[in-house]
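Taking it in order: structure first as structure tokens, then the write-up.
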Amino acid sequence: MKKIIPLLIAVLILGGCASSKEETPTYRQVSTEEAIAIMEKESGYVILDVRTAEEFQEKHIPNAINIPNETIGRDEIKELPDKDQLILVYCRSGNRSKQASEKLVKLGYTNIVEFGGINSWTGDTVSE
């Protein structure tokens, strides 16, 4: 009996450690078509273009805001004060939007949807 009790305690402790493993927060990836459907269905979201200012001026999705991927880091983003707001992220081809989405999650944003690049965007665009 004296040998069984320490064994049971060890099993309970190790089992408790294994079950308390937390999931790492992440972002969702969707297709352009899924992003368009989200935009049609939802409200109060932000469309975030993470390309350079020059690329943004040439062509971007209407109502998008521009915060270049290179400027997203450890500091709070004044243009995105609500960390629970739905933020739809895109770039040119999908690489920078994935990087930016990862950084936003690390900053505490909880509702990030990455949908690739403007190269595959079938909706309207505007230029400045």
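Here's how to read the names in the structure tokens: chain A, B, ... by the order shown, residue numbers from 1 in each chain, ligand numbers from 1 in the order shown.
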(request) Would you please extract all alpha helix (DSSP H) residues from chain A, as assigned by DSSP on the backbone, and give them as an NGL selection string? (result) :A and (4-19 or 32-41 or 53-58 or 95-106)
(request) Excluding Thr32 (chain A) and residues on its chain fewer than 3 positions from it, collect all residues at most 9 Å away from it, counting only C-alpha atoms, and give them as a ChimeraX atom specification. (result) /A:35-37,115-118,120-122
For N, CA and C atoms, I'd like the residues from the last selection saved as a compact mmCIF listing (two decimals), in the first residue's frame.
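Full text of out_21.txt as output:
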```
# COMPACT_ATOMS: atom_id res chain seq x y z
N ALA A 35 -13.50 35.20 -47.74
CA ALA A 35 -13.35 36.55 -47.19
C ALA A 35 -14.46 37.47 -47.69
N ILE A 36 -14.79 37.37 -48.98
CA ILE A 36 -15.87 38.18 -49.54
C ILE A 36 -17.19 37.83 -48.85
N ALA A 37 -17.43 36.55 -48.62
CA ALA A 37 -18.66 36.13 -47.94
C ALA A 37 -18.70 36.68 -46.51
N PHE A 115 -6.52 36.28 -45.61
CA PHE A 115 -7.10 35.76 -46.85
C PHE A 115 -6.21 35.95 -48.07
N GLY A 116 -4.91 35.97 -47.86
CA GLY A 116 -4.00 35.94 -48.99
C GLY A 116 -3.66 37.30 -49.56
N GLY A 117 -3.68 37.36 -50.89
CA GLY A 117 -3.21 38.56 -51.55
C GLY A 117 -4.19 39.19 -52.50
N ILE A 118 -3.93 40.45 -52.79
CA ILE A 118 -4.77 41.19 -53.72
C ILE A 118 -4.65 40.62 -55.14
N SER A 120 -5.19 37.71 -56.02
CA SER A 120 -6.30 36.81 -56.27
C SER A 120 -7.65 37.43 -55.92
N TRP A 121 -7.67 38.72 -55.61
CA TRP A 121 -8.90 39.43 -55.25
C TRP A 121 -9.76 39.63 -56.48
N THR A 122 -11.04 39.25 -56.41
CA THR A 122 -11.93 39.38 -57.56
C THR A 122 -12.92 40.54 -57.39
```
Set the distance at 6 Å and use only C-alpha atoms: which residues neighbour region 65-79 of chain A once local chain neighbours fewer than 4 positions away are removed? I'd like the list as a PDB file with C-alpha atoms, in the first residue's frame.
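Saved result, selection-v5.pdb, follows:
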```pdb
ATOM      1  CA  LEU A  48      -6.074  45.470 -43.173  1.00  0.00           C
ATOM      2  CA  ASP A  49      -3.664  45.836 -46.096  1.00  0.00           C
ATOM      3  CA  VAL A  50      -0.125  45.088 -44.902  1.00  0.00           C
ATOM      4  CA  ARG A  51       1.716  46.048 -48.104  1.00  0.00           C
ATOM      5  CA  THR A  52       3.868  49.149 -48.420  1.00  0.00           C
ATOM      6  CA  ALA A 100       1.455  40.126 -40.070  1.00  0.00           C
TER       7      ALA A 100
END
```
(message) When you count only C-alpha atoms, which of these residues is closest to Ile112 (chain A): A:Ser31, A:His60, A:Cys91, A:Ile47?
(response)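 The closest residue to Ile112 (chain A) is A:Ile47.
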(request) Write out as a count of residues only the residues lying within 10 Å of Asp124 (chain A), counting only C-alpha atoms and excluding same-chain residues fewer than 4 positions away. (result) 4
Can you list, as a CSV table (one decimal) with C-alpha atoms, in the first residue's frame, all residues belonging to chain A that DSSP tags as strand (DSSP E)?
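Generated output (result.csv):
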```csv
chain,number,residue,atom,x,y,z
A,28,ARG,CA,-7.8,31.7,-39.4
A,29,GLN,CA,-6.9,31.4,-43.1
A,46,VAL,CA,-11.5,46.1,-40.5
A,47,ILE,CA,-9.8,45.2,-43.8
A,48,LEU,CA,-6.1,45.5,-43.2
A,49,ASP,CA,-3.7,45.8,-46.1
A,65,ILE,CA,-6.5,50.6,-43.9
A,66,ASN,CA,-2.8,50.4,-44.6
A,87,ILE,CA,-9.6,42.0,-38.8
A,88,LEU,CA,-9.3,40.7,-42.3
A,89,VAL,CA,-5.7,40.8,-43.4
A,90,TYR,CA,-4.2,40.7,-47.0
A,91,CYS,CA,-1.1,41.7,-48.9
A,112,ILE,CA,-7.7,37.6,-37.2
A,113,VAL,CA,-8.6,36.2,-40.6
A,114,GLU,CA,-5.9,36.1,-43.3
A,115,PHE,CA,-7.1,35.8,-46.8
A,116,GLY,CA,-4.0,35.9,-49.0
A,117,GLY,CA,-3.2,38.6,-51.5
```
